[in-house]
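Notes to accompany the following structure.
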Amino acid sequence: MRFIQYLAVACAGLIAATAQAETVSGLYQVREPVDGQGSDARTQATAKALDTLVLRLTGDPKAIENPAVAALRKNPQQIINQVGSEAGPPESVVVEFDPGSTERALRQGGLALWGSNRPSILGWWLNDNVDGSSLVGDGQSSAEPLRQAAQHRGLPLRLPLADLQEQLVANAKQLESKDPAPLREAADRYGADALLAVHAQEADGKWQGKWQLWLGDQREQGTAQGADQASLADAVMLAISTRLAPRYVIRPGASSDLQLQVQGMNLQRYAELGRVLEPYGPRLQSAEGDTLTYTVSGNREQLRAQLGLAHLQEAPSEPAPVAAPAPVVEGAPGQPSAPPAPAAPFDGLRFHW
């Protein structure tokens, strides 16, 4: 137990410093433009901010129709810490929602929620218009609408440098190809969890785009459109959120207690694992060498997906132990001694770094 207490104290200062790229900051702060003048316009913008937050936390467009959300929309102040404003154009409201009361209200309404630990996405985004083609790079002004859209939809987006070598790889043909190998090779230095490829084109004053997303061996694809680059970016990010969220959301009442064993632990990994497991209410049961055993509340498949974000690998199931020969024990005359019961096998998930 003293070892466990030592870990808890020693890692308190490490939690904020590990794997921050996968943690969405400002998840409960929402900006929405004010359409019009006066208090009614601000009230409408605040209500829209609530809908945006619900989409961020659930990834489900139907969630805003939930009765719990309708009740919050009538009295949003019960989950709001403060409302501010930003000068335009356009003028925007900035709503700071309270994480605890918001999550409680949505879970009581039966909604499945997605935590702040989300797969980092490297975005290969090519714009085509009358001026030619350009790959959006991290330091370009064209990157700002993409960043704002990703923040608006609660996604941790990274952008490439868009140097000459990357421009040659991320051309229109490759971005629409089903083979991500060239993009993955070029993306190795960025260390992202997922790859997003978007070919955006302007036609008749509007923008439309084809997108593909690879997360591990799984591929998603779709199309989106918008009046301008910013609205197209928002439509793409919303689509990505709705495809990713079902893999990670935790539905009330759908969880059960699970045993989780993780090998190869050290101080830094302990801090990171605590952050990853936070939505699952982890209870540390034992620590033997570099192996920690937890009890968590969750769904096996979603827990597997969440641990995959931390780059842990699943280990084979532990084989059932073979009972040792029973020791010779003298019992009552004519009554053989009963052999000891075999130890129960570990019936949980086993992972290693």
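Within each chain, counting starts at residue 1; across the structure tokens, chains are named A, B, ... in the order shown, with ligands numbered 1 upward in that order.
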
Spatial neighbours of Leu349 (chain A), 10 Å, only C-alpha atoms, chain gap at least 3 places, as a ChimeraX atom specification: /A:258-262,293-294,300,303-304,314-318,346

Within 9 Å of Pro282 (chain A) using only C-alpha atoms, minus same-chain residues under 6 positions, as a PyMOL selection string: chain A and resi 274+294-297

Among listed residues A:Thr223, A:Gln201, A:Ser286, A:Ser120, nearest Ala150 (chain A) (using only C-alpha atoms): A:Ser120

Shell of 6 Å around region 91-105 of chain A, only C-alpha atoms, local chain residues under 4 positions omitted, as a list in words: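 Surrounding residues, per the criterion: Tyr28, Gln29, Val30, Arg31, Glu32, Pro33, Val34, Ile79, Ile80, Asn81, Gln82, Val83, Gly84, Ser85, Glu86 and Ala87 of chain A.
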
Distance table requested - region 152-220 of chain A against region 134-142 of chain A, cut-off 8 Å, only C-alpha atoms: one row per qualifying residue with the closest atom pair and its distance in Å to one decimal, ordered by chain and rising residue number, as CSV.
```
residue,atom,partner,partner_atom,distance
A:Arg158,CA,A:Asp138,CA,7.8
A:Leu159,CA,A:Asp138,CA,5.1
A:Pro160,CA,A:Gly137,CA,5.4
A:Leu161,CA,A:Gly137,CA,4.9
A:Ala162,CA,A:Gly137,CA,4.6
A:Asp163,CA,A:Gly137,CA,7.9
A:Gln167,CA,A:Leu135,CA,6.3
A:Ala170,CA,A:Leu135,CA,7.5
```

For N, CA and C atoms, I'd like the residues from the last selection saved as a PDB file, in the first residue's frame.
```
ATOM      1  N   ARG A 158      -4.320  18.625 -35.640  1.00  0.00           N
ATOM      2  CA  ARG A 158      -2.970  19.077 -35.946  1.00  0.00           C
ATOM      3  C   ARG A 158      -2.871  19.261 -37.454  1.00  0.00           C
ATOM      4  N   LEU A 159      -2.011  20.168 -37.872  1.00  0.00           N
ATOM      5  CA  LEU A 159      -1.813  20.422 -39.293  1.00  0.00           C
ATOM      6  C   LEU A 159      -0.344  20.236 -39.642  1.00  0.00           C
ATOM      7  N   PRO A 160      -0.061  19.759 -40.846  1.00  0.00           N
ATOM      8  CA  PRO A 160       1.329  19.552 -41.253  1.00  0.00           C
ATOM      9  C   PRO A 160       2.016  20.880 -41.572  1.00  0.00           C
ATOM     10  N   LEU A 161       3.311  20.819 -41.757  1.00  0.00           N
ATOM     11  CA  LEU A 161       4.056  22.019 -42.147  1.00  0.00           C
ATOM     12  C   LEU A 161       3.749  22.437 -43.573  1.00  0.00           C
ATOM     13  N   ALA A 162       3.314  21.468 -44.383  1.00  0.00           N
ATOM     14  CA  ALA A 162       3.021  21.718 -45.801  1.00  0.00           C
ATOM     15  C   ALA A 162       4.260  22.182 -46.551  1.00  0.00           C
ATOM     16  N   ASP A 163       5.413  21.548 -46.261  1.00  0.00           N
ATOM     17  CA  ASP A 163       6.627  21.859 -47.011  1.00  0.00           C
ATOM     18  C   ASP A 163       6.547  21.228 -48.403  1.00  0.00           C
ATOM     19  N   GLN A 167       3.732  18.684 -49.986  1.00  0.00           N
ATOM     20  CA  GLN A 167       2.844  19.117 -51.067  1.00  0.00           C
ATOM     21  C   GLN A 167       2.851  18.114 -52.225  1.00  0.00           C
ATOM     22  N   ALA A 170       0.688  15.008 -50.708  1.00  0.00           N
ATOM     23  CA  ALA A 170      -0.729  15.272 -50.444  1.00  0.00           C
ATOM     24  C   ALA A 170      -1.375  16.021 -51.599  1.00  0.00           C
TER      25      ALA A 170
END
```

Between CA of Lys178 (chain A) and CA of Ala194 (chain A), distance in Å (one decimal): 14.6 Å

Point-to-point distance from CA of Asn266 (chain A) to CA of Leu157 (chain A), Å rounded to tenths: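 Those two atoms sit 28.6 Å apart.
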
Separation of CA of Ala305 (chain A) from CA of Gly209 (chain A) in Å: 28.3 Å

All strand (DSSP E) residues (DSSP, backbone) inside region 60-303 of chain A, as a count of residues only: 79
